[in-house]
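Student: Here it is, the structure in full.
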Amino acid sequence: MNPATEVPTPLDVARSVGEPVLEVRNLTVEFATRGGSLAVVQNVDIAIEQGEVHAVVGESGSGKSVTALAIMGLLPERTARVSSGEIRFRGRDLTTLNRKEMRNLQGREIAMVFQEPMTSLNPAFTVGDQIAESVRHHVGSGRRAASARAIELLDEVGIPQAARRAEAYPHEFSGGMRQRVMIAMALACEPDLLIADEPTTALDVTIQAQIVELIRRLSRDRGTSVMFITHDFGVVAEVADNVTVMYAAEVIESADVFRLFESPQHPYTAALLHAVPSLDEDLADDDDRAMPGVPPNPTAFPPACRFAPRCVHVVEGCHQSIPQLLSTADGRRVRCLRADELTLTGRS
Amino acid sequence: MRLQTIVRRLIALLPMMLLVALMIFSITYLIPGDAAATIAGDGATAAEIGRIRNELGLDRPFFVQFFTWLGNVATGDLGVSLTTGRSVGDTIVSRGPATISLGVAGLAVGVLVGTSLGVLAGTKIGSARDRFAVVGASVGVAMPNFWLGLLLVTIFAVNLGWLPATGYVGITENPIEFLRHITLPALALGSASAAEICRQTRASLGNVLEMDYMRTARMKGLPARVLVGKHALKNAASPVVTTVGLQATVLLGGTVIVERVFGIAGLGTTAIEAVSSRDIPIIQGIALLTTITAILVNLMVDMMQMYLNPKVRMS
Amino acid sequence: MTTVEIPTGDAPAATRPKTAARRSFVRRFAEQRVAMAALTLLALIVIAAVFASSLAPHPPNAQNLRNILKGPGSDGHLLGTDHLGRDVLSRLIYGARFSLLASVEAVGVGLLIGFLPGLLAGYIGGKVDWCVMRVIEALMAFPPIILAIAVVASLGPGLTNAMIAVGVVFAPRFARMTRDATLSVREETFVEAARSMGLRRSTILRRHVVPHVLSPLIVMTTVLAGVAMIVEAGLSYVGLGAVPPDSSWGTMLAGSIRYTTNSPLLIVWPGLCVVVCVVCLNLIGDGIKDSVGREARGKISR
């Protein structure tokens with residue numbers, strides 16, 4: 001095993017070639033509410049290459065988790081639906097699959113790690129059993145082979161005395177250890193895509209770093225693509241190759257991690273970047289950091305630019321014309337009318 | 001290890017059983033008019049009654065009487081019926097099996113019907129079948145068991161003639177006749193419990209299906225059979241088991257009235273006769289026996305909870 | 001029922017004017033159509049029972065042996081006559097008196113015996129709580145009907161005695177509920193504040209604790225009132241409850257079973273009355289549970 005701790009280099013980014021593993025195109029997800037349907041994800045495009053760790057960043061309610069659930073096929077059936085767009089995974093459009101075809105994919109080709117390690121494991125079964133059941137179900141291994149595989153996986157995610165711990169129940173593990181178990185469970189069938197939905201938010205800072213490192217390492221060792229959802233740019237810097245930033249159900253910027261940190265093109269990205277506390281940073285007033293107000297509610301998105309009411313660079317036009325997600329040079333994309341004229345400061 | 005736990009629990013229950021025994025003894029001790037007068041008959045003189053009181057030990061202090069009684073009970077002597085002169089133990093042994101069969105059959109109806117309807121409703125909350133189950137359950141809990149029994153008799157015995165209206169045949173005598181005779185009483189006895197168990201199963205399952213770990217199980221691509229049958233049911237079972245235990249106790253009492261509807265000569269019929277004739281030892285014996293049975297059922301429920309809930313098992 | 005204050009369970013509510021809390025409860029309850037319908041129906045039944053003498057078309061015990069077991073709608077007998085030629089509808093209306101009264105008696109006795117011990121056990125705690133809890137456990141260990149029968153055995157048959165017996169069965173359940181609810185408000189800041197102000201224990205209990213215990217207790221009361229009706233019918237049916245000529249719905253059932261072949265409807269009506277009342281009571285209970293403040297709801301389910 002490779003205890004790699006290095007910061008991602010341009011080589012990592014260059015590694016990604018060929019057809020993307022996942023390509024979300026123009027995805028819109030609507031929730032049925034008493035007042036009609038609400039689009040909580042709107043026209044979202046995300047592409048993730050083989051072996052890439054792709055961070056999706058945004059505040060809560062920005063639609064990033066719903067995007068993940070839509071890809072995973074776990075949208076609440078009665079209230080939510082994909083109303084338009086495609087989710088192409090290895091060339092197949094997941095939105096057209098029936099329930100059985102989707103089940104064949106879930107847990108085997110796409111797997112997910114959730115935010116809440118304390119509640120995401122079934123309290124009534126041993127962790128070994130919960131890891132082994134995926135293997136038994138998808139690979140068709142026998143009980144014994146599946147248990148052996150579960151122990152192997154527990155060892156791989158860094159759980160000491162894996163053979164003994166496989167017999168333990170979730171409540172006997174700490175939060176960080178449970179998240180490791182969750183990761184082992186997700187990786188049980190060697191999926192091509194791992195979705196990690198804020199996997200470290202509920203954990204202590206030191207544990208956070210370990211889990212991020214674990215995911216990074218596993219992705220590298222296995223060539224697994226990772227969609228890493230977070231609201232924390234500190235984590236993004238640690239883990240990601242590329243970044244998509246979401247705000248109010250839309251993608252507002254995407255770029256590779258270096259350029260995004262160096263020169264954000266959307267004022268929201270810049271504000272988020274500057275909201276990350278740092279020790280060596282000058283804490284003097286900073287225009288880009290200021291972000292008054294709160295994210296808008298899906299029932300009342302601003303009509304034009306959805307960030308305009310909170311934007312420090314707002315001009316009259318921002319309230320009138322709807323900004324498009326435009327590709328700029330070198331494969332970056334940004335949704336801002338003033339993208340060309342603004343020069344925003346990033347972080348290094 | 002396991003056996004040790006059970007024994008420890010049993011010992012812990014002893015004080016409660018003692019308290020129950022004291023209550024049973026004092027309830028009947030408080031009966032106005034005394035047993036001696038009942039035995040002596042209408043024309044008895046005060047001296048005669050006094051002699052009988054003395055013979056029965058009724059003139060001794062309360063706690064002396066209680067511990068004498070308790071000592072006898074502990075050695076299996078529940079006393080003698082004041083009306084038939086038979087020993088209470090024998091009466092219970094001869095009348096018990098019918099009541100126990102009825103109770104178990106009623107519970108079987110309650111559990112089978114209740115959990116299956118509960119699962120059907122709980123897996124699709126808000127659907128038509130769920131609403132049907134909810135309405136059915138709220139009518140079911142409101143239906144007096146003996147009334148349902150009367151309706152069942154009227155429909156299936158009197159009008160359709162499919163099943164006998166009354167009587168009881170032991171399972172060892174004739175299993176087929178046993179089933180024919182027990183079906184209607186068991187349905188009458190068990191349906192309110194079925195309704196209660198259905199409600200609990202539905203609520204509990206509905207709750208569990210919303211849990212984060214169910215999303216995890218869905219993420220693994222497991223089929224609905226495994227999702228509900230394995231992941232949800234084991235977690236949902238705990239409150240259901242508690243309800244089943246509670247219903248077992250309720251059913252044990254409910255047999256009293258249902259036996260009457262179906263003319264089954266069990267403990268319930270005996271108890272009612274004993275109340276009318278003030279046959280105290282019989283009432284004491286039946287109350288003691290059924291209550292201890294109920295306590296043991298609850299112990300079993302606790303043991304089951306340990307199996308279902310690893311967290312409880314640890315502590 | 002609506003004259004009782006329903007607390008919302010949070011600390012500020014204790015200081016909020018009582019009328020405001022009561023008004024918001026009434027509004028929330030009124031918004032629930034099912035519960036309101038149940039309340040209306042039950043109110044109609046209660047009115048019918050109260051004014052039985054003027055509403056019933058015939059005296060309940062007027063026999064007419066030349067006009068027995070008539071079907072519904074014959075000779076001015078809307079629901080027909082029973083085996084003694086008595087008007088079924090009139091007997092049902094009068095029967096409501098006994099059945100409703102029985103149910104009120106049973107929960108009344110249950111509350112009378114159970115409430116205070118539960119309150120004191122929860123508030124004082126310690127040895128008092130320990131003793132009360134042991135008695136509660138022992139009483140709850142009895143199969144309900146068996147305990148009722150044992151009590152009837154010592155009191156003698158008759159409707160009132162039977163309902164006292166049912167009250168004894170209910171008492172530990174009321175006590176347990178009151179104790180648990182009291183325990184959960186005992187440590188609340190507003191109770192502690194009252195204690196530190198040197199208020200007398202009885203004042204604290206009356207002004208600060210009891211209002212918070214009431215709402216779960218009222219829900220339980222409606223549910224147990226329904227259970228009492230079922231048990232009353234059962235005990236009367238086996239002859240341990242209402243004694244003729246008093247006729248509750250249970251005794252009506254007992255009287256008519258021999259005639260099911262010819263007049264099956266005779267056993268349908270009284271039972272239906274019980275079911276309707278019990279369903280109404282349960283729906284009202286659910287309605288109250290959903291109408292008390294969100295904060296208090298947790299306590300009820302406990």
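Scheme for the structure tokens: letters A, B, ... for chains in order shown; per-chain residue numbers from 1; ligand numbers from 1 in order shown.
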Chain C residues within 6 Å of chain B, counting only C-alpha atoms: which ones, as a count of residues only?
Tutor: 11
Student: Can you list, as number ranges by chain, every protein, DNA or RNA residue that comes within 10 Å of region 161-175 of chain B when you count only C-alpha atoms, leaving out same-chain residues fewer than 2 positions away?
Tutor: B: 97-99, 101-102, 149-150, 152-159, 177-185, 259-266
Student: Tell me, in Å to one decimal, how far CA of Leu227 (chain B) is from CA of Arg90 (chain A).
Tutor: 27.0 Å
Student: Write out as a ChimeraX atom specification which residues come within 7 Å of Ala248 (chain A) when counting only C-alpha atoms, dropping same-chain ones fewer than 2 positions away.
Tutor: /A:62-63,246,250,295-296,306
Student: Applying 6 Å and only C-alpha atoms, which residues near Ser291 (chain C) remain after dropping the ones on its own chain fewer than 6 positions away? List them as JSON, numbers by chain.
Tutor: {"C": [25, 28, 29]}
Student: Please list as a list of chain:residue names every residue within 9 Å of region 95-107 of chain A, counting only C-alpha atoms and excluding residues in the same chain fewer than 6 positions away.
Tutor: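 Within the cut-off, the hits are A:Ala70, A:Ile71, A:Met72, A:Gly73, A:Val82, A:Gly85, A:Glu86, A:Ile87, A:Arg88, A:Ser134, A:His138, A:Met185, A:Ala186, A:Leu187, A:Ala188, A:Cys189, A:Glu190, A:Pro191, B:Arg218, B:Met219, B:Lys220, B:Gly221, B:Leu222, B:Pro223.
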Student: Take the residues from that selection and put them in a file with C-alpha atoms, as a PDB file, in the first residue's frame.
Tutor:
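Saved as result.pdb:
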ATOM      1  CA  ALA A  70     -29.888  10.977  -8.863  1.00  0.00           C
ATOM      2  CA  ILE A  71     -26.724   9.350 -10.209  1.00  0.00           C
ATOM      3  CA  MET A  72     -26.938   6.631  -7.573  1.00  0.00           C
ATOM      4  CA  GLY A  73     -30.609   6.004  -8.362  1.00  0.00           C
ATOM      5  CA  VAL A  82     -35.370  13.396 -13.069  1.00  0.00           C
ATOM      6  CA  GLY A  85     -31.183  15.349 -18.980  1.00  0.00           C
ATOM      7  CA  GLU A  86     -28.996  12.274 -19.076  1.00  0.00           C
ATOM      8  CA  ILE A  87     -26.723  10.497 -16.681  1.00  0.00           C
ATOM      9  CA  ARG A  88     -24.328   8.588 -18.926  1.00  0.00           C
ATOM     10  CA  SER A 134     -22.760  -6.862  -1.303  1.00  0.00           C
ATOM     11  CA  HIS A 138     -23.282  -9.082  -6.765  1.00  0.00           C
ATOM     12  CA  MET A 185     -18.691  -1.483   2.043  1.00  0.00           C
ATOM     13  CA  ALA A 186     -18.779   0.861  -0.929  1.00  0.00           C
ATOM     14  CA  LEU A 187     -15.587  -0.576  -2.397  1.00  0.00           C
ATOM     15  CA  ALA A 188     -16.589  -4.204  -1.810  1.00  0.00           C
ATOM     16  CA  CYS A 189     -17.340  -4.905  -5.475  1.00  0.00           C
ATOM     17  CA  GLU A 190     -14.626  -2.679  -6.916  1.00  0.00           C
ATOM     18  CA  PRO A 191     -16.936  -0.027  -8.370  1.00  0.00           C
TER      19      PRO A 191
ATOM     20  CA  ARG B 218     -30.517   0.398  -1.268  1.00  0.00           C
ATOM     21  CA  MET B 219     -27.184   1.795  -2.396  1.00  0.00           C
ATOM     22  CA  LYS B 220     -25.873  -1.768  -2.445  1.00  0.00           C
ATOM     23  CA  GLY B 221     -28.459  -2.667  -5.068  1.00  0.00           C
ATOM     24  CA  LEU B 222     -30.169  -5.256  -2.912  1.00  0.00           C
ATOM     25  CA  PRO B 223     -33.588  -6.447  -4.052  1.00  0.00           C
TER      26      PRO B 223
END
Student: Distance table requested - chain B against chain A, cut-off 12 Å, only C-alpha atoms: one row per qualifying residue with the closest atom pair and its distance in Å to one decimal, ordered by chain and rising residue number, as CSV.
Tutor:
residue,atom,partner,partner_atom,distance
B:Lys124,CA,A:Arg78,CA,10.4
B:Ile125,CA,A:Arg78,CA,10.8
B:Gly126,CA,A:Arg78,CA,10.3
B:Ser127,CA,A:Arg78,CA,10.8
B:Val208,CA,A:Asn122,CA,10.2
B:Leu209,CA,A:Asn122,CA,11.4
B:Glu210,CA,A:Pro76,CA,10.1
B:Met211,CA,A:Thr119,CA,7.6
B:Asp212,CA,A:Ser120,CA,4.9
B:Tyr213,CA,A:Ser120,CA,4.1
B:Met214,CA,A:Asn122,CA,7.5
B:Arg215,CA,A:Leu74,CA,7.5
B:Thr216,CA,A:Ser120,CA,6.1
B:Ala217,CA,A:Asn122,CA,8.4
B:Arg218,CA,A:Leu74,CA,7.4
B:Met219,CA,A:Gln106,CA,5.7
B:Lys220,CA,A:Gly107,CA,3.9
B:Gly221,CA,A:Arg103,CA,4.2
B:Leu222,CA,A:Arg103,CA,6.6
B:Pro223,CA,A:Arg103,CA,7.2
B:Ala224,CA,A:Arg103,CA,10.0
B:Val226,CA,A:His137,CA,10.0
B:Leu227,CA,A:Asn122,CA,11.2
B:Lys230,CA,A:Phe125,CA,9.5
B:His231,CA,A:Asn122,CA,7.1
B:Ala232,CA,A:Asn122,CA,9.0
B:Leu233,CA,A:Ala124,CA,9.9
B:Lys234,CA,A:Ala124,CA,6.8
B:Asn235,CA,A:Ala124,CA,6.3
B:Ala236,CA,A:Ala124,CA,10.1
B:Ala237,CA,A:Ala124,CA,10.6
B:Ser238,CA,A:Ala124,CA,10.6
B:Gln305,CA,A:Ala124,CA,11.3
B:Met306,CA,A:Ala124,CA,10.8
B:Tyr307,CA,A:Ala124,CA,9.3
B:Leu308,CA,A:Ala124,CA,6.9
B:Asn309,CA,A:Ala124,CA,6.1
B:Pro310,CA,A:Ala124,CA,6.3
B:Lys311,CA,A:His171,CA,7.2
B:Val312,CA,A:Ala124,CA,10.8
B:Arg313,CA,A:Tyr169,CA,11.1
B:Met314,CA,A:Glu172,CA,9.9
Student: Would you list the contacts of region 105-113 of chain C as a PyMOL selection string, taking every protein, DNA or RNA residue within 8 Å and counting only C-alpha atoms, but skipping same-chain residues closer than 3 positions in sequence?
Tutor: chain C and resi 101-102+116-117+160+163-172+174-175+221+224-225+228
Student: DSSP on the backbone: which residues in region 77-298 of chain A end up as helix (DSSP H, G or I)? Give the answer as a ChimeraX atom specification.
Tutor: /A:94-96,99-105,127-138,143-156,162-165,170-172,175-187,205-222,233-239,257-262,267-275,287-289,298
Student: What's around Asp286 (chain C) at 12 Å? Count only C-alpha atoms, leave out sequence neighbours fewer than 6 positions away in its own chain, and write the answer as a PyMOL selection string.
Tutor: (chain B and resi 138) or (chain C and resi 29+32-36+38-39+215-216+218-223+279-280+292+297+300-301)
Student: Could you work out how far CA of Gly245 (chain B) lies from CA of Ala133 (chain B), giving the answer in Å with one decimal?
Tutor: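 Value for the CA of Ala133 (chain B)-CA of Gly245 (chain B) distance: 21.7 Å.
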Student: If I take CA of Asp129 (chain A) and CA of Ser147 (chain A), how far is one from the other in Å, to one decimal?
Tutor: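 Pair CA of Asp129 (chain A) / CA of Ser147 (chain A) returns 7.1 Å.
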